[in-house]
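Trainee: Below you'll find the structure I mean.
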Amino acid sequence: DRMGFLLPTTRMVDAIYEQARVRLAPQPMTPGAAMTTTRYFWAHNQTVDGQVGNRAGALTAGQKKDIVLSNRLYSNPGRIAIYGWHRTNGTPIQPLSTVHGAYYADYSHGVRLVSRTAYVNGRARPLAEILADPAYAGILSKEGPIQAPERLMAALYR
């Protein structure tokens, strides 16, 4: 929020995966209490770095589940929405979920930020405005219009 970005929606995460130059095969680690430890984060990061190799800097997808904007957060306050970690066939391991509390994090979660500015017919518009617009929201969201997405992000750290 302070840096001037928003989180993506599930539809945006799918589009990013489709357009990514580097698509990584997910590398899940053994689930359990250790998956929230620094050791797990480090080990998974090393795995992802090894997969990326000399392609660093290219649009990359498949390395993590994305934290996303979702209307579900309005009915599930204090939660975080996660989605993605696409398999090489394009289907996500993680369907949209709000099961975890807003402060939960494990090695499989990633943060991908998107610009607050989008272009519609060549004209710059605030992304939040497009997400809330019933005529355009379907381009960016499978859930219909998302009102006040900045409020959904604020729920993550308030």
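Identifiers in the structure tokens: chain A, B, ... in order shown; residue index from 1 per chain; ligand index from 1 in order shown.
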List every residue of segment 20-155 of chain A that DSSP, applied to the backbone of this structure, places in strand (DSSP E or B), and write the result as a ChimeraX atom specification.
Mentor: /A:22-23,60-61,65-67,79,82-86,92-97,101,109-110,114-115,117-120,123-126
Trainee: Show me, as a list in words, the residues that have an atom within 9 Å of Trp42 of chain A when counting only C-alpha atoms, minus same-chain residues fewer than 5 positions from it.
Mentor: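 Result of the neighbour search: Thr37, Thr47 and Tyr107 of chain A.
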Trainee: Only N, CA and C atoms, please: the residues just picked out, written as an mmCIF file, in the first residue's frame.
Mentor:
```
data_model
loop_
_atom_site.group_PDB
_atom_site.id
_atom_site.type_symbol
_atom_site.label_atom_id
_atom_site.label_comp_id
_atom_site.auth_asym_id
_atom_site.auth_seq_id
_atom_site.Cartn_x
_atom_site.Cartn_y
_atom_site.Cartn_z
ATOM 1 N N THR A 37 8.918 -22.010 9.405
ATOM 2 C CA THR A 37 10.223 -21.646 9.947
ATOM 3 C C THR A 37 11.114 -20.993 8.888
ATOM 4 N N THR A 47 15.608 -23.617 -3.666
ATOM 5 C CA THR A 47 15.045 -24.466 -4.725
ATOM 6 C C THR A 47 14.566 -23.615 -5.889
ATOM 7 N N TYR A 107 6.209 -21.061 3.821
ATOM 8 C CA TYR A 107 7.161 -20.992 2.713
ATOM 9 C C TYR A 107 6.502 -20.936 1.339
#
```
Trainee: Fewer than 3 positions away in the same chain doesn't count, so skip those; otherwise give me all residues within 12 Å of Ile67 of chain A, counting only C-alpha atoms, as an MDAnalysis selection string.
Mentor: chainID A and resid 6:10 12:13 64 70 73 79:85 94:98 100 102:106 108:114 152:153 156
Trainee: Just N, CA and C atoms for this one: save the residues we selected as a short mmCIF file (atom, residue, chain, number, x, y, z; two decimals), in the first residue's frame.
Mentor:
```cif
data_model
loop_
_atom_site.label_atom_id
_atom_site.label_comp_id
_atom_site.auth_asym_id
_atom_site.auth_seq_id
_atom_site.Cartn_x
_atom_site.Cartn_y
_atom_site.Cartn_z
N LEU A 6 -1.11 -2.81 -5.62
CA LEU A 6 -2.20 -3.64 -5.13
C LEU A 6 -1.80 -5.10 -5.26
N LEU A 7 -2.56 -5.97 -4.62
CA LEU A 7 -2.42 -7.40 -4.83
C LEU A 7 -3.24 -7.77 -6.06
N PRO A 8 -2.88 -8.84 -6.73
CA PRO A 8 -3.66 -9.27 -7.90
C PRO A 8 -4.91 -10.04 -7.47
N THR A 9 -5.80 -10.28 -8.41
CA THR A 9 -6.95 -11.16 -8.23
C THR A 9 -6.58 -12.54 -8.76
N THR A 10 -7.45 -13.52 -8.55
CA THR A 10 -7.17 -14.86 -9.08
C THR A 10 -7.09 -14.84 -10.60
N MET A 12 -6.12 -12.38 -12.45
CA MET A 12 -4.85 -11.76 -12.81
C MET A 12 -3.70 -12.75 -12.62
N VAL A 13 -3.74 -13.54 -11.55
CA VAL A 13 -2.71 -14.55 -11.30
C VAL A 13 -2.69 -15.56 -12.45
N LYS A 64 5.27 -19.92 -6.22
CA LYS A 64 4.59 -19.73 -4.94
C LYS A 64 3.08 -19.63 -5.15
N SER A 70 -9.79 -10.63 -2.86
CA SER A 70 -10.99 -11.44 -3.06
C SER A 70 -12.14 -10.85 -2.27
N LEU A 73 -12.92 -11.87 1.40
CA LEU A 73 -12.33 -11.25 2.58
C LEU A 73 -13.35 -10.36 3.32
N ARG A 79 -8.76 -12.63 7.74
CA ARG A 79 -8.21 -13.74 6.98
C ARG A 79 -7.34 -13.23 5.84
N ILE A 80 -6.61 -14.13 5.24
CA ILE A 80 -5.81 -13.83 4.07
C ILE A 80 -6.32 -14.72 2.93
N ALA A 81 -6.36 -14.18 1.73
CA ALA A 81 -6.78 -14.96 0.56
C ALA A 81 -5.53 -15.40 -0.20
N ILE A 82 -5.44 -16.70 -0.45
CA ILE A 82 -4.32 -17.24 -1.22
C ILE A 82 -4.85 -18.06 -2.39
N TYR A 83 -4.05 -18.12 -3.45
CA TYR A 83 -4.47 -18.80 -4.67
C TYR A 83 -3.25 -19.09 -5.53
N GLY A 84 -3.32 -20.19 -6.25
CA GLY A 84 -2.33 -20.43 -7.29
C GLY A 84 -1.37 -21.56 -7.05
N TRP A 85 -0.12 -21.28 -7.35
CA TRP A 85 0.96 -22.25 -7.40
C TRP A 85 0.62 -23.24 -8.51
N GLN A 94 -3.50 -24.62 -5.37
CA GLN A 94 -4.31 -23.99 -4.33
C GLN A 94 -5.49 -23.25 -4.94
N PRO A 95 -6.72 -23.78 -4.76
CA PRO A 95 -7.87 -22.98 -5.16
C PRO A 95 -7.97 -21.78 -4.22
N LEU A 96 -8.77 -20.81 -4.56
CA LEU A 96 -8.93 -19.64 -3.71
C LEU A 96 -9.32 -20.08 -2.31
N SER A 97 -8.57 -19.62 -1.33
CA SER A 97 -8.80 -20.03 0.06
C SER A 97 -8.64 -18.84 1.00
N THR A 98 -9.52 -18.79 1.99
CA THR A 98 -9.39 -17.80 3.07
C THR A 98 -9.33 -18.52 4.41
N HIS A 100 -6.71 -19.35 6.25
CA HIS A 100 -5.68 -18.88 7.18
C HIS A 100 -5.97 -17.47 7.69
N ALA A 102 -4.98 -13.65 8.83
CA ALA A 102 -4.23 -12.64 8.07
C ALA A 102 -2.74 -12.64 8.38
N TYR A 103 -2.34 -13.09 9.54
CA TYR A 103 -0.92 -13.06 9.89
C TYR A 103 -0.22 -14.39 9.67
N TYR A 104 -0.93 -15.37 9.12
CA TYR A 104 -0.30 -16.65 8.84
C TYR A 104 0.55 -16.54 7.58
N ALA A 105 1.69 -17.17 7.60
CA ALA A 105 2.55 -17.24 6.41
C ALA A 105 3.35 -18.53 6.49
N ASP A 106 3.53 -19.16 5.35
CA ASP A 106 4.46 -20.29 5.27
C ASP A 106 5.27 -20.16 3.99
N SER A 108 5.27 -21.43 1.23
CA SER A 108 4.62 -21.53 -0.08
C SER A 108 3.90 -20.26 -0.51
N HIS A 109 3.78 -19.28 0.38
CA HIS A 109 3.08 -18.03 0.05
C HIS A 109 4.05 -17.01 -0.53
N GLY A 110 3.60 -16.32 -1.56
CA GLY A 110 4.40 -15.26 -2.15
C GLY A 110 3.57 -14.01 -2.32
N VAL A 111 4.24 -12.90 -2.41
CA VAL A 111 3.55 -11.62 -2.63
C VAL A 111 3.98 -11.10 -4.00
N ARG A 112 3.00 -10.94 -4.86
CA ARG A 112 3.23 -10.37 -6.19
C ARG A 112 2.42 -9.09 -6.22
N LEU A 113 3.07 -7.99 -6.44
CA LEU A 113 2.40 -6.69 -6.45
C LEU A 113 2.13 -6.25 -7.88
N VAL A 114 1.00 -5.57 -8.08
CA VAL A 114 0.64 -5.07 -9.40
C VAL A 114 0.41 -3.57 -9.32
N LEU A 152 -9.36 -4.14 1.43
CA LEU A 152 -9.06 -5.56 1.60
C LEU A 152 -7.60 -5.76 1.96
N MET A 153 -6.72 -4.99 1.34
CA MET A 153 -5.30 -5.09 1.66
C MET A 153 -5.04 -4.60 3.07
N LEU A 156 -5.08 -6.91 5.99
CA LEU A 156 -3.94 -7.79 6.21
C LEU A 156 -3.01 -7.28 7.30
#
```
Trainee: Which is closer to Pro26 of chain A than all the others in A:Glu129, A:Arg116, A:Ala137, A:Gln51, using only C-alpha atoms?
Mentor: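 Under the stated criterion, the closest residue is A:Gln51.
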Trainee: For a quick check of understanding, using only C-alpha atoms, which of A:Ala61, A:Ala34, A:Leu140, A:Ala43 has the smallest distance to Gln19 of chain A?
Mentor: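 Residue with the minimum atom-to-atom distance to Gln19 of chain A: A:Ala61.
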Trainee: Residues of chain A in alpha helix (DSSP H) according to DSSP, as a PyMOL selection string?
Mentor: chain A and resi 10-19+38-52+72-75+127-132+137-140+149-154
Trainee: I'd like to know which of A:Gly101, A:Arg123, A:Ala56, A:Ile139 is closest to Gly78 of chain A, using only C-alpha atoms.
Mentor: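 Counting only C-alpha atoms, the residue closest to Gly78 of chain A is A:Gly101.
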Trainee: Could you check which of A:Leu24, A:Asp14, A:Met3, A:Ala128 is closest to Asp49 of chain A, using only C-alpha atoms?
Mentor: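 Nearest candidate to Asp49 of chain A out of A:Leu24, A:Asp14, A:Met3, A:Ala128: A:Leu24.
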